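Student: If it helps, the file is called my_file_20.txt and holds compact mmCIF, C-alpha atoms:
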# COMPACT_ATOMS: atom_id res chain seq x y z
CA MET A 1 0.00 0.00 0.00
CA GLN A 2 1.11 3.56 -0.73
CA ASP A 3 1.70 5.97 2.15
CA LYS A 4 -0.35 8.79 0.62
CA LYS A 5 -3.30 9.31 -1.65
CA LEU A 6 -2.79 10.23 -5.25
CA TRP A 7 -2.70 13.97 -5.86
CA ILE A 8 -4.67 14.90 -8.98
CA LEU A 9 -4.33 18.35 -10.57
CA PHE A 10 -6.72 20.32 -12.80
CA PHE A 11 -6.02 23.82 -14.09
CA GLY A 12 -7.99 25.73 -16.68
CA ARG A 13 -11.51 26.97 -17.31
CA LEU A 14 -14.24 25.29 -15.27
CA ASP A 15 -16.68 25.14 -18.17
CA ASP A 16 -18.38 22.84 -20.65
CA GLU A 17 -15.70 23.35 -23.30
CA LYS A 18 -13.18 21.68 -20.98
CA TRP A 19 -15.85 19.11 -20.04
CA PHE A 20 -15.50 19.95 -16.35
CA TRP A 21 -18.97 18.57 -15.75
CA LEU A 22 -17.47 15.10 -16.36
CA ILE A 23 -15.14 15.65 -13.43
CA LEU A 24 -18.01 16.73 -11.18
CA ASP A 25 -20.01 13.64 -12.15
CA MET A 26 -16.98 11.45 -11.45
CA LEU A 27 -16.42 12.98 -8.00
CA LYS A 28 -20.11 12.54 -7.11
CA ALA A 29 -19.98 8.93 -8.30
CA PHE A 30 -17.06 8.19 -5.95
CA ILE A 31 -18.90 9.85 -3.06
CA LYS A 32 -22.07 7.87 -3.79
CA LYS A 33 -20.27 4.53 -4.01
CA HIS A 34 -17.51 4.92 -1.39
CA GLY A 35 -18.73 7.81 0.76
CA ALA A 36 -15.53 9.73 0.00
CA ILE A 37 -13.20 10.82 -2.79
CA PRO A 38 -10.22 8.40 -2.84
CA PHE A 39 -7.63 10.97 -3.99
CA SER A 40 -6.63 14.56 -3.24
CA PHE A 41 -7.96 16.87 -5.96
CA TYR A 42 -6.30 20.28 -6.52
CA VAL A 43 -8.17 22.67 -8.80
CA PHE A 44 -6.99 26.01 -10.23
CA GLY A 45 -9.50 27.83 -12.40
CA LYS A 46 -12.63 29.91 -12.77
CA TRP A 47 -15.84 29.98 -14.81
CA LYS A 48 -19.21 28.24 -14.98
CA TYR A 49 -18.87 25.47 -12.35
CA VAL A 50 -17.27 27.52 -9.57
CA ASN A 51 -20.26 27.24 -7.18
CA ASP A 52 -20.53 23.46 -7.71
CA LEU A 53 -16.85 23.10 -6.87
CA ILE A 54 -17.06 25.36 -3.81
CA GLU A 55 -19.91 23.21 -2.47
CA LEU A 56 -17.93 20.02 -2.97
CA ALA A 57 -14.82 21.51 -1.36
CA SER A 58 -16.80 22.62 1.70
CA ASP A 59 -18.18 19.10 2.23
CA HIS A 60 -15.11 17.04 1.31
CA SER A 61 -11.59 17.72 2.54
CA SER A 62 -10.08 15.90 -0.45
CA VAL A 63 -11.14 18.75 -2.77
CA HIS A 64 -8.91 21.85 -2.73
CA PHE A 65 -10.01 24.85 -4.80
CA PHE A 66 -7.60 27.75 -5.39
CA TRP A 67 -9.47 29.77 -8.03
CA TRP A 68 -7.60 31.19 -11.02
CA GLN A 69 -3.82 31.38 -10.49
CA THR A 70 -0.68 31.92 -12.57
CA LEU A 71 1.34 28.97 -13.82
CA SER A 72 4.17 29.95 -11.45
CA THR A 73 1.75 29.58 -8.51
CA ILE A 74 0.51 26.21 -9.76
CA GLN A 75 4.09 25.01 -10.13
CA ARG A 76 4.56 25.29 -6.37
CA TYR A 77 2.38 22.19 -6.07
CA GLN A 78 4.05 20.23 -8.86
CA GLU A 79 6.31 18.09 -6.67
CA ASN A 80 3.32 16.59 -4.88
CA CYS A 81 0.94 16.27 -7.86
CA ASP A 82 1.00 12.84 -9.50
CA PHE A 83 -1.34 13.35 -12.48
CA CYS A 84 -3.12 16.12 -14.34
CA LEU A 85 -6.72 15.44 -15.31
CA MET A 86 -7.75 16.79 -18.73
CA PRO A 87 -11.07 15.15 -19.70
CA SER A 88 -12.18 17.39 -22.60
CA THR A 89 -13.34 15.42 -25.62
CA PHE A 90 -13.68 18.31 -28.08
CA LEU A 91 -11.13 18.76 -30.85
CA GLU A 92 -8.13 20.39 -29.16
CA THR A 93 -6.12 22.28 -31.76
CA PHE A 94 -2.97 21.73 -29.71
CA GLY A 95 -3.40 20.92 -26.02
CA LEU A 96 -1.46 23.68 -24.27
CA THR A 97 -2.68 22.61 -20.83
CA ALA A 98 -1.35 19.12 -21.48
CA VAL A 99 2.12 20.21 -22.52
CA ASN A 100 2.33 22.71 -19.65
CA SER A 101 1.45 19.88 -17.28
CA LEU A 102 4.12 17.64 -18.78
CA SER A 103 6.67 20.42 -18.37
CA MET A 104 5.95 20.26 -14.62
CA TRP A 105 6.78 16.54 -14.75
CA ILE A 106 3.12 15.61 -14.34
CA PRO A 107 1.65 12.97 -16.71
CA VAL A 108 -1.80 13.60 -18.20
CA ILE A 109 -5.00 11.56 -17.87
CA GLY A 110 -7.39 12.35 -20.71
CA PHE A 111 -8.96 11.36 -24.02
CA ALA A 112 -6.05 10.62 -26.39
CA LYS A 113 -7.54 12.09 -29.56
CA TRP A 114 -5.98 14.01 -32.44
CA TRP A 115 -3.04 16.13 -31.29
CA LEU A 116 -3.48 15.05 -27.66
CA THR A 117 -2.48 11.50 -28.64
CA GLN A 118 1.19 12.44 -28.38
CA PHE A 119 0.72 13.84 -24.86
CA ILE A 120 -1.29 11.01 -23.26
CA GLN A 121 0.06 7.51 -22.73
CA SER A 122 -2.21 4.64 -23.75
CA LYS A 123 -2.62 3.42 -20.18
CA TYR A 124 -3.95 6.86 -19.16
CA ASP A 125 -6.29 7.20 -22.13
CA ILE A 126 -9.87 7.56 -20.83
CA SER A 127 -11.33 6.46 -24.17
CA LYS A 128 -9.83 2.98 -23.63
CA ALA A 129 -11.79 2.46 -20.39
CA GLU A 130 -14.80 0.14 -20.28
CA TRP A 131 -18.49 1.12 -20.53
CA GLN A 132 -20.28 3.39 -22.95
CA THR A 133 -20.66 6.98 -21.76
CA ASP A 134 -17.75 9.39 -21.26
CA ALA A 135 -18.75 9.82 -17.60
CA GLU A 136 -18.61 6.07 -17.00
CA LYS A 137 -15.27 5.81 -18.81
CA LEU A 138 -13.73 8.57 -16.70
CA TYR A 139 -14.94 6.99 -13.45
CA ASN A 140 -13.63 3.55 -14.45
CA LYS A 141 -10.28 4.85 -15.67
CA MET A 142 -9.75 6.79 -12.42
CA SER A 143 -10.77 3.73 -10.39
CA GLU A 144 -8.30 1.62 -12.36
CA ILE A 145 -5.43 4.09 -11.85
CA ILE A 146 -6.14 4.45 -8.13
CA ASP A 147 -6.27 0.67 -7.69
CA GLN A 148 -2.96 0.18 -9.53
CA TYR A 149 -1.32 2.94 -7.53
CA ASN A 150 -2.50 1.57 -4.19
CA LYS A 151 -1.10 -1.87 -5.12
CA GLY A 152 2.28 -0.37 -6.05
CA GLY A 153 1.76 -0.92 -9.75
CA ILE A 154 2.57 2.67 -10.78
CA ASN A 155 6.08 4.07 -10.43
CA ILE A 156 5.41 7.80 -10.06
CA GLU A 157 9.05 8.83 -10.53
CA ALA A 158 9.33 6.86 -13.78
CA GLU A 159 6.09 8.41 -15.05
CA ARG A 160 7.34 11.90 -14.22
CA LYS A 161 10.53 11.33 -16.22
CA LYS A 162 8.47 10.23 -19.24
CA ALA A 163 6.39 13.39 -18.92
CA LYS A 164 9.48 15.60 -18.90
CA THR A 165 10.89 13.84 -21.98
CA LEU A 166 7.69 14.58 -23.91
CA ALA A 167 7.67 18.22 -22.79
CA ASN A 168 11.24 18.80 -23.99
CA LYS A 169 9.96 18.72 -27.59
CA TYR A 170 8.01 21.94 -26.97
CA THR A 171 10.46 24.30 -25.31
CA VAL A 172 10.84 27.96 -26.29
CA GLU A 173 14.19 27.03 -27.83
CA LYS A 174 12.51 24.43 -30.09
CA TRP A 175 9.85 26.98 -31.05
CA LEU A 176 12.52 29.50 -32.01
CA GLU A 177 14.19 26.90 -34.23
CA ASN A 178 10.88 26.44 -36.07
CA ILE A 179 9.85 30.09 -36.36
CA THR A 180 13.25 31.52 -37.34
CA PRO A 181 13.17 30.30 -40.98
CA ILE A 182 9.72 31.90 -41.38
CA ILE A 183 10.65 35.32 -39.99
CA TRP A 184 14.35 35.26 -40.92
CA LYS A 185 16.08 38.64 -41.36
CA PRO A 186 13.09 41.06 -41.07
CA LYS A 187 13.33 42.47 -37.55
CA ARG A 188 10.23 44.67 -37.48
CA ILE A 189 6.96 42.77 -36.99
CA LEU A 190 3.43 44.10 -36.56
CA MET A 191 1.32 41.56 -34.70
CA VAL A 192 -2.44 41.94 -35.16
CA SER A 193 -5.15 40.40 -32.99
CA ASP A 194 -8.66 41.15 -31.74
CA PHE A 195 -7.99 41.69 -28.04
CA ARG A 196 -5.02 42.48 -25.80
CA ASN A 197 -6.49 41.39 -22.45
CA LYS A 198 -5.25 38.01 -21.24
CA LEU A 199 -8.81 36.69 -21.43
CA TRP A 200 -8.03 33.51 -23.38
CA TRP A 201 -4.89 31.62 -24.21
CA ILE A 202 -4.54 33.28 -27.64
CA GLU A 203 -3.90 36.64 -26.03
CA THR A 204 -1.50 35.14 -23.46
CA TYR A 205 0.37 33.43 -26.29
CA ILE A 206 0.78 36.74 -28.14
CA HIS A 207 2.18 38.48 -25.05
CA ASP A 208 4.68 35.62 -24.64
CA VAL A 209 5.70 35.67 -28.32
CA LYS A 210 6.33 39.40 -28.13
CA ASP A 211 8.61 38.98 -25.10
CA ILE A 212 10.51 36.08 -26.68
CA LEU A 213 11.12 37.80 -30.02
CA GLU A 214 12.07 41.10 -28.41
CA SER A 215 14.69 39.25 -26.36
CA LYS A 216 16.17 38.11 -29.69
CA GLY A 217 16.41 41.61 -31.11
CA TYR A 218 13.11 41.86 -32.99
CA GLU A 219 11.09 45.06 -32.84
CA ILE A 220 7.48 44.10 -32.14
CA LYS A 221 4.37 46.27 -32.21
CA ILE A 222 0.92 44.88 -31.46
CA TYR A 223 -2.35 46.25 -32.77
CA TRP A 224 -5.38 45.06 -30.81
CA ALA A 225 -8.41 46.27 -28.88
CA LYS A 226 -9.03 46.17 -25.15
CA ILE A 227 -12.30 44.72 -23.88
CA PRO A 228 -13.76 44.06 -20.41
CA SER A 229 -12.74 40.85 -18.69
CA TRP A 230 -14.58 37.66 -17.79
CA LYS A 231 -18.34 37.48 -18.53
CA LEU A 232 -18.62 40.89 -20.18
CA GLY A 233 -15.58 40.07 -22.24
CA GLN A 234 -17.18 36.79 -23.26
CA LEU A 235 -20.21 38.71 -24.57
CA CYS A 236 -17.93 41.03 -26.51
CA LYS A 237 -16.25 37.98 -27.99
CA TYR A 238 -19.52 36.71 -29.47
CA PHE A 239 -21.12 40.02 -30.43
CA GLY A 240 -17.82 41.03 -31.97
CA LEU A 241 -18.49 38.46 -34.69
CA PHE A 242 -21.32 40.65 -35.98
CA PHE A 243 -19.50 43.94 -35.48
CA ALA A 244 -16.40 42.64 -37.29
CA ILE A 245 -18.12 42.64 -40.69
CA PHE A 246 -18.45 46.43 -40.65
CA ASN A 247 -15.42 47.41 -38.56
CA PHE A 248 -13.92 50.02 -40.89
CA VAL A 249 -12.75 52.17 -37.95
CA ASP A 250 -10.04 49.72 -36.87
CA ALA A 251 -9.21 49.03 -40.51
CA ILE A 252 -8.31 52.71 -40.97
CA ARG A 253 -6.43 52.83 -37.68
CA ILE A 254 -4.36 49.76 -38.49
CA LYS A 255 -3.50 51.29 -41.87
CA ILE A 256 -2.18 54.39 -40.10
CA VAL A 257 -0.23 52.33 -37.57
CA SER A 258 1.41 50.20 -40.27
CA LYS A 259 2.34 53.29 -42.29
CA LYS A 260 4.16 54.78 -39.29
CA PHE A 261 5.73 51.53 -38.02
CA LYS A 262 6.72 50.21 -41.50
CA PRO A 263 6.81 46.50 -40.59
CA LYS A 264 8.50 43.92 -42.80
CA ILE A 265 6.11 41.25 -41.50
CA ILE A 266 2.43 41.55 -40.53
CA TRP A 267 1.47 38.58 -38.38
CA TYR A 268 -2.28 38.09 -37.83
CA HIS A 269 -3.40 35.94 -34.89
CA SER A 270 -7.14 36.56 -34.60
CA THR A 271 -9.38 38.92 -36.55
CA LEU A 272 -12.71 37.10 -36.67
CA ARG A 273 -13.99 38.14 -33.22
CA PHE A 274 -13.63 41.91 -33.53
CA LEU A 275 -11.29 43.40 -36.16
CA GLY A 276 -12.85 41.61 -39.13
CA ARG A 277 -11.94 41.20 -42.79
CA LEU A 278 -11.29 44.92 -43.40
CA ALA A 279 -8.26 44.81 -41.11
CA ILE A 280 -6.70 42.37 -43.58
CA LYS A 281 -8.06 43.92 -46.77
CA LYS A 282 -6.82 47.40 -45.87
CA LEU A 283 -3.24 46.08 -45.67
CA ASN A 284 -3.44 43.94 -48.80
CA THR A 285 -1.26 46.33 -50.79
CA HIS A 286 1.21 46.92 -47.95
CA ASP A 287 4.77 45.98 -48.93
CA SER A 288 5.31 43.30 -46.29
CA LYS A 289 5.15 39.56 -45.76
CA LYS A 290 1.79 38.56 -44.28
CA ILE A 291 1.29 35.59 -41.97
CA MET A 292 -1.92 34.17 -40.48
CA MET A 293 -1.97 31.91 -37.40
CA TYR A 294 -5.10 29.77 -36.88
CA HIS A 295 -5.27 29.15 -33.13
CA ASP A 296 -8.76 27.60 -33.05
CA LEU A 297 -11.67 26.25 -35.11
CA TRP A 298 -13.73 29.46 -35.14
CA TYR A 299 -12.76 29.95 -38.79
CA PHE A 300 -14.21 26.60 -39.84
CA HIS A 301 -17.12 25.65 -37.56
CA PRO A 302 -20.03 27.55 -35.92
CA TYR A 303 -19.60 25.76 -32.56
CA PRO A 304 -15.92 24.78 -32.07
CA SER A 305 -16.43 23.51 -28.51
CA LEU A 306 -18.91 20.89 -29.80
CA VAL A 307 -16.50 19.40 -32.34
CA THR A 308 -15.59 15.96 -31.02
CA GLN A 309 -14.74 14.30 -34.35
CA GLU A 310 -12.55 15.65 -37.14
CA ASN A 311 -15.21 14.87 -39.76
CA MET A 312 -17.60 17.26 -38.00
CA VAL A 313 -15.73 20.10 -39.75
CA LYS A 314 -17.38 20.05 -43.18
CA THR A 315 -15.29 21.15 -46.15
CA PRO A 316 -15.12 23.08 -48.41
CA LEU A 317 -16.40 26.14 -46.59
CA ASN A 318 -19.85 26.96 -47.99
CA LEU A 319 -23.22 27.82 -46.48
CA LYS A 320 -24.63 24.30 -46.85
CA ASN A 321 -21.67 22.67 -45.08
CA PHE A 322 -21.47 25.38 -42.42
CA VAL A 323 -25.13 25.01 -41.42
CA LYS A 324 -24.97 21.22 -41.69
CA SER A 325 -21.97 21.07 -39.35
CA ALA A 326 -24.01 22.79 -36.61
CA ASN A 327 -26.44 19.85 -36.53
CA THR A 328 -29.45 21.90 -35.43
CA LYS A 329 -33.00 22.55 -36.63
CA ASN A 330 -33.59 25.56 -34.41
CA PRO A 331 -34.52 28.40 -36.82
CA PHE A 332 -33.00 31.10 -34.57
CA LYS A 333 -29.73 29.22 -34.29
CA ILE A 334 -29.67 28.64 -38.05
CA LEU A 335 -30.21 32.37 -38.61
CA ALA A 336 -27.31 33.20 -36.30
CA ILE A 337 -25.15 30.57 -38.01
CA CYS A 338 -25.92 32.07 -41.42
CA PHE A 339 -24.85 35.47 -40.15
CA LYS A 340 -21.62 34.04 -38.79
CA TYR A 341 -21.06 32.29 -42.10
CA CYS A 342 -21.21 35.67 -43.87
CA SER A 343 -18.50 36.98 -41.54
CA VAL A 344 -16.33 33.89 -41.95
CA ARG A 345 -16.83 33.75 -45.71
CA LEU A 346 -15.92 37.39 -46.27
CA LEU A 347 -12.87 36.95 -44.06
CA SER A 348 -11.79 33.76 -45.83
CA LYS A 349 -11.74 35.54 -49.18
CA ASN A 350 -9.34 38.15 -47.81
CA LEU A 351 -7.23 35.47 -46.16
CA LYS A 352 -6.87 33.61 -49.44
CA GLU A 353 -5.98 36.74 -51.41
CA SER A 354 -3.76 38.56 -48.91
CA ILE A 355 -1.91 36.04 -46.75
CA ASP A 356 1.47 34.74 -47.90
CA PHE A 357 1.89 32.08 -45.25
CA HIS A 358 -0.66 30.19 -43.12
CA LEU A 359 0.43 28.73 -39.77
CA VAL A 360 -1.39 26.09 -37.68
CA PRO A 361 -0.48 24.73 -34.20
CA SER A 362 -1.11 21.07 -35.15
CA SER A 363 -0.49 19.17 -38.37
CA PHE A 364 -4.06 17.84 -38.71
CA LEU A 365 -5.23 21.45 -39.18
CA GLU A 366 -3.21 21.80 -42.39
CA LYS A 367 -5.78 19.79 -44.33
CA ILE A 368 -8.72 21.62 -42.71
CA VAL A 369 -7.29 25.02 -43.72
CA SER A 370 -6.44 23.84 -47.22
CA ASP A 371 -9.78 22.12 -47.90
CA SER A 372 -11.90 24.84 -46.27
CA TYR A 373 -10.42 27.86 -48.02
CA GLN A 374 -8.93 26.14 -51.10
CA ILE A 375 -5.41 27.26 -50.18
CA ASN A 376 -2.30 25.73 -51.70
CA PRO A 377 -0.91 23.22 -49.13
CA LYS A 378 2.61 24.53 -49.83
CA LYS A 379 1.60 27.82 -48.18
CA ILE A 380 0.54 26.07 -44.95
CA GLN A 381 2.91 24.97 -42.19
CA THR A 382 2.66 23.62 -38.65
CA LEU A 383 4.16 25.78 -35.90
CA SER A 384 3.63 24.00 -32.58
CA HIS A 385 3.10 26.09 -29.47
CA PHE A 386 5.64 26.28 -26.68
CA ILE A 387 5.56 25.70 -22.93
CA GLN A 388 4.42 28.81 -21.09
CA LYS A 389 6.24 30.09 -18.04
In structure tokens, what does this structure look like?
Tutor:
Amino acid sequence: MQDKKLWILFFGRLDDEKWFWLILDMLKAFIKKHGAIPFSFYVFGKWKYVNDLIELASDHSSVHFFWWQTLSTIQRYQENCDFCLMPSTFLETFGLTAVNSLSMWIPVIGFAKWWLTQFIQSKYDISKAEWQTDAEKLYNKMSEIIDQYNKGGINIEAERKKAKTLANKYTVEKWLENITPIIWKPKRILMVSDFRNKLWWIETYIHDVKDILESKGYEIKIYWAKIPSWKLGQLCKYFGLFFAIFNFVDAIRIKIVSKKFKPKIIWYHSTLRFLGRLAIKKLNTHDSKKIMMYHDLWYFHPYPSLVTQENMVKTPLNLKNFVKSANTKNPFKILAICFKYCSVRLLSKNLKESIDFHLVPSSFLEKIVSDSYQINPKKIQTLSHFIQK
């Protein structure tokens, strides 16, 4: 028998997109069957299921909730954490949480699908557990891991070394090796994105990229808008899709900024949620190399968080496929989807005409970008993300 319980870590948004409800169901199932949770659960995050988690933590000493914290704060617990739980089943375009966990020497328990396959060992793959539903599979996989651990069948130190080996493929140094040939020689880069607040991981990534490149002698300027945080920011994110079609104000501003800054590279990260197609069209004639980074599936599907199979992204991008991919008969939802399609379609035309190089965080996205927008595959390249500090 082991001297201590397993320590399980979760960090990220406590929402449906990360399938946090599966974790809550699993915890309640353990309580119902055993009267207690047979492991120590450490949670760092914020969003929809905060109140559910607070209630569980108040009733069960095995649940420890620390709200939203920085990675440096989470890392203080890394020596004692044995596994990171990542049960989302939607199509992760990279799996940044997984690789950040591995960098802390913590192996990941999750659904080994698409790009996450390389981060999750087969024996910790929830999809390989018995039973039918995802909730049942998660409960059974956790029960199996706990049983093996209690019997001495899991060597935690050996598992931690495997995790670190996997993480070493995604260091900042490796990222620089991959990005340098793309941005070689030009030292002045204008980075363009919808928002500058660290509301979502795209914005955090951009801040980190700026710091990394500036440390290597690049001159970086970022053009983006500032929006309210949390729930109000989430509303701006969705309503921005409609505003983006007619956003000529930012298109003019970005033209002025680029004229003064005179960048050799314009690197777009996100324009669909606020800046819109005009931000790209207005710079079409600008004498610079233009790059687009596709961080998520917003450009290809009306409901990215519901995509659990790669074939759910219908290509090529047209109205019929876009509406069909939503799998709904609700007339109001269909109307909203049609409006979003107009925004995406107008943007895609500018992307095809203006962008010299298209970057994706995972190789499976290369085909989605190519088939959706009819872009030459030679102009598309994978640039994996790096471990955040």
Student: As a ChimeraX atom specification, please: the residues near Val249 (chain A) (cut-off 10 Å, all atoms listed in the file, same-chain neighbours under 2 positions excluded).
Tutor: /A:246-247,251-254,275,278-279
Student: May I ask for the distance between CA of Ser58 (chain A) and CA of Tyr42 (chain A), given in Å to one decimal place?
Tutor: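 For CA of Ser58 (chain A) relative to CA of Tyr42 (chain A), the distance reads 13.5 Å.
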Student: Of the candidates A:Tyr124, A:Trp105, A:Trp19, A:Tyr170, which one gets nearest to Ser143 (chain A) if we count only C-alpha atoms?
Tutor: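 For Ser143 (chain A), the nearest of the given residues is A:Tyr124.
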Student: Residues within 7 Å of His295 (chain A), please, as a tab-separated table (two decimals) with C-alpha atoms, keeping the file's coordinate frame. Count only C-alpha atoms; anything in the same chain fewer than 5 positions from it doesn't count.
Tutor:
chain	number	residue	atom	x	y	z
A	202	ILE	CA	-4.54	33.28	-27.64
A	360	VAL	CA	-1.39	26.09	-37.68
A	361	PRO	CA	-0.48	24.73	-34.20
Student: To one decimal in Å, tell me the separation between CA of Ser193 (chain A) and CA of Ile337 (chain A).
Tutor: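 CA of Ile337 (chain A) lies 22.8 Å from CA of Ser193 (chain A).
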Student: For region 64-68 of chain A, please output as a PyMOL selection string all residues within 8 Å (counting all atoms listed in the file; exclusion window: fewer than 5 positions along the same chain).
Tutor: chain A and resi 12+40-46+53-54+57
Student: Work out how far CA of Trp184 (chain A) is from CA of Phe357 (chain A), in Å to one decimal.
Tutor: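 Spanning CA of Phe357 (chain A) to CA of Trp184 (chain A) is a straight-line distance of 13.6 Å.
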Student: In terms of the shortest atom-to-atom distance over only C-alpha atoms, which of A:Thr70, A:Asn100, A:Ser354, A:Asn140 is closest to Met26 (chain A)?
Tutor: A:Asn140
Student: What lies within 10 Å of Lys4 (chain A) using all atoms listed in the file, ignoring chain neighbours under 3 positions off, as a VMD selection string?
Tutor: chain A and resid 1 7 39 to 40 150
Student: Would you mind putting back N, CA and C atoms on region 111-134 of chain A, then writing it out as a compact mmCIF listing (two decimals), keeping the file's coordinate frame?
Tutor:
# COMPACT_ATOMS: atom_id res chain seq x y z
N PHE A 111 -8.55 12.05 -22.80
CA PHE A 111 -8.96 11.36 -24.02
C PHE A 111 -7.87 11.58 -25.07
N ALA A 112 -7.16 10.52 -25.43
CA ALA A 112 -6.05 10.62 -26.39
C ALA A 112 -6.60 10.69 -27.80
N LYS A 113 -7.00 11.89 -28.22
CA LYS A 113 -7.54 12.09 -29.56
C LYS A 113 -6.75 13.18 -30.27
N TRP A 114 -6.62 13.02 -31.60
CA TRP A 114 -5.98 14.01 -32.44
C TRP A 114 -4.62 14.40 -31.88
N TRP A 115 -4.37 15.70 -31.70
CA TRP A 115 -3.04 16.13 -31.29
C TRP A 115 -2.71 15.73 -29.86
N LEU A 116 -3.73 15.46 -29.04
CA LEU A 116 -3.48 15.05 -27.66
C LEU A 116 -2.90 13.64 -27.57
N THR A 117 -2.99 12.88 -28.65
CA THR A 117 -2.48 11.50 -28.64
C THR A 117 -1.01 11.46 -28.24
N GLN A 118 -0.24 12.44 -28.68
CA GLN A 118 1.19 12.44 -28.38
C GLN A 118 1.49 12.82 -26.93
N PHE A 119 0.51 13.39 -26.24
CA PHE A 119 0.72 13.84 -24.86
C PHE A 119 0.19 12.86 -23.81
N ILE A 120 -0.64 11.91 -24.21
CA ILE A 120 -1.29 11.01 -23.26
C ILE A 120 -0.90 9.56 -23.55
N GLN A 121 -0.31 8.91 -22.57
CA GLN A 121 0.06 7.51 -22.73
C GLN A 121 -1.19 6.64 -22.83
N SER A 122 -1.08 5.53 -23.52
CA SER A 122 -2.21 4.64 -23.75
C SER A 122 -2.87 4.18 -22.45
N LYS A 123 -2.06 3.92 -21.44
CA LYS A 123 -2.62 3.42 -20.18
C LYS A 123 -3.38 4.50 -19.40
N TYR A 124 -3.21 5.78 -19.80
CA TYR A 124 -3.95 6.86 -19.16
C TYR A 124 -4.98 7.49 -20.09
N ASP A 125 -5.31 6.76 -21.14
CA ASP A 125 -6.29 7.20 -22.13
C ASP A 125 -7.70 6.82 -21.66
N ILE A 126 -8.52 7.81 -21.34
CA ILE A 126 -9.87 7.56 -20.83
C ILE A 126 -10.72 6.81 -21.85
N SER A 127 -10.50 7.08 -23.14
CA SER A 127 -11.33 6.46 -24.17
C SER A 127 -11.15 4.94 -24.23
N LYS A 128 -10.07 4.43 -23.64
CA LYS A 128 -9.83 2.98 -23.63
C LYS A 128 -10.49 2.28 -22.44
N ALA A 129 -11.11 3.05 -21.56
CA ALA A 129 -11.79 2.46 -20.39
C ALA A 129 -13.08 1.77 -20.82
N GLU A 130 -13.58 0.89 -19.98
CA GLU A 130 -14.80 0.14 -20.28
C GLU A 130 -16.04 1.02 -20.11
N TRP A 131 -17.18 0.49 -20.57
CA TRP A 131 -18.49 1.12 -20.53
C TRP A 131 -18.69 2.08 -21.70
N GLN A 132 -19.86 2.66 -21.76
CA GLN A 132 -20.28 3.39 -22.95
C GLN A 132 -20.11 4.90 -22.86
N THR A 133 -20.67 5.52 -21.83
CA THR A 133 -20.66 6.98 -21.76
C THR A 133 -19.29 7.50 -21.32
N ASP A 134 -19.01 8.77 -21.65
CA ASP A 134 -17.75 9.39 -21.26
C ASP A 134 -17.63 9.48 -19.74
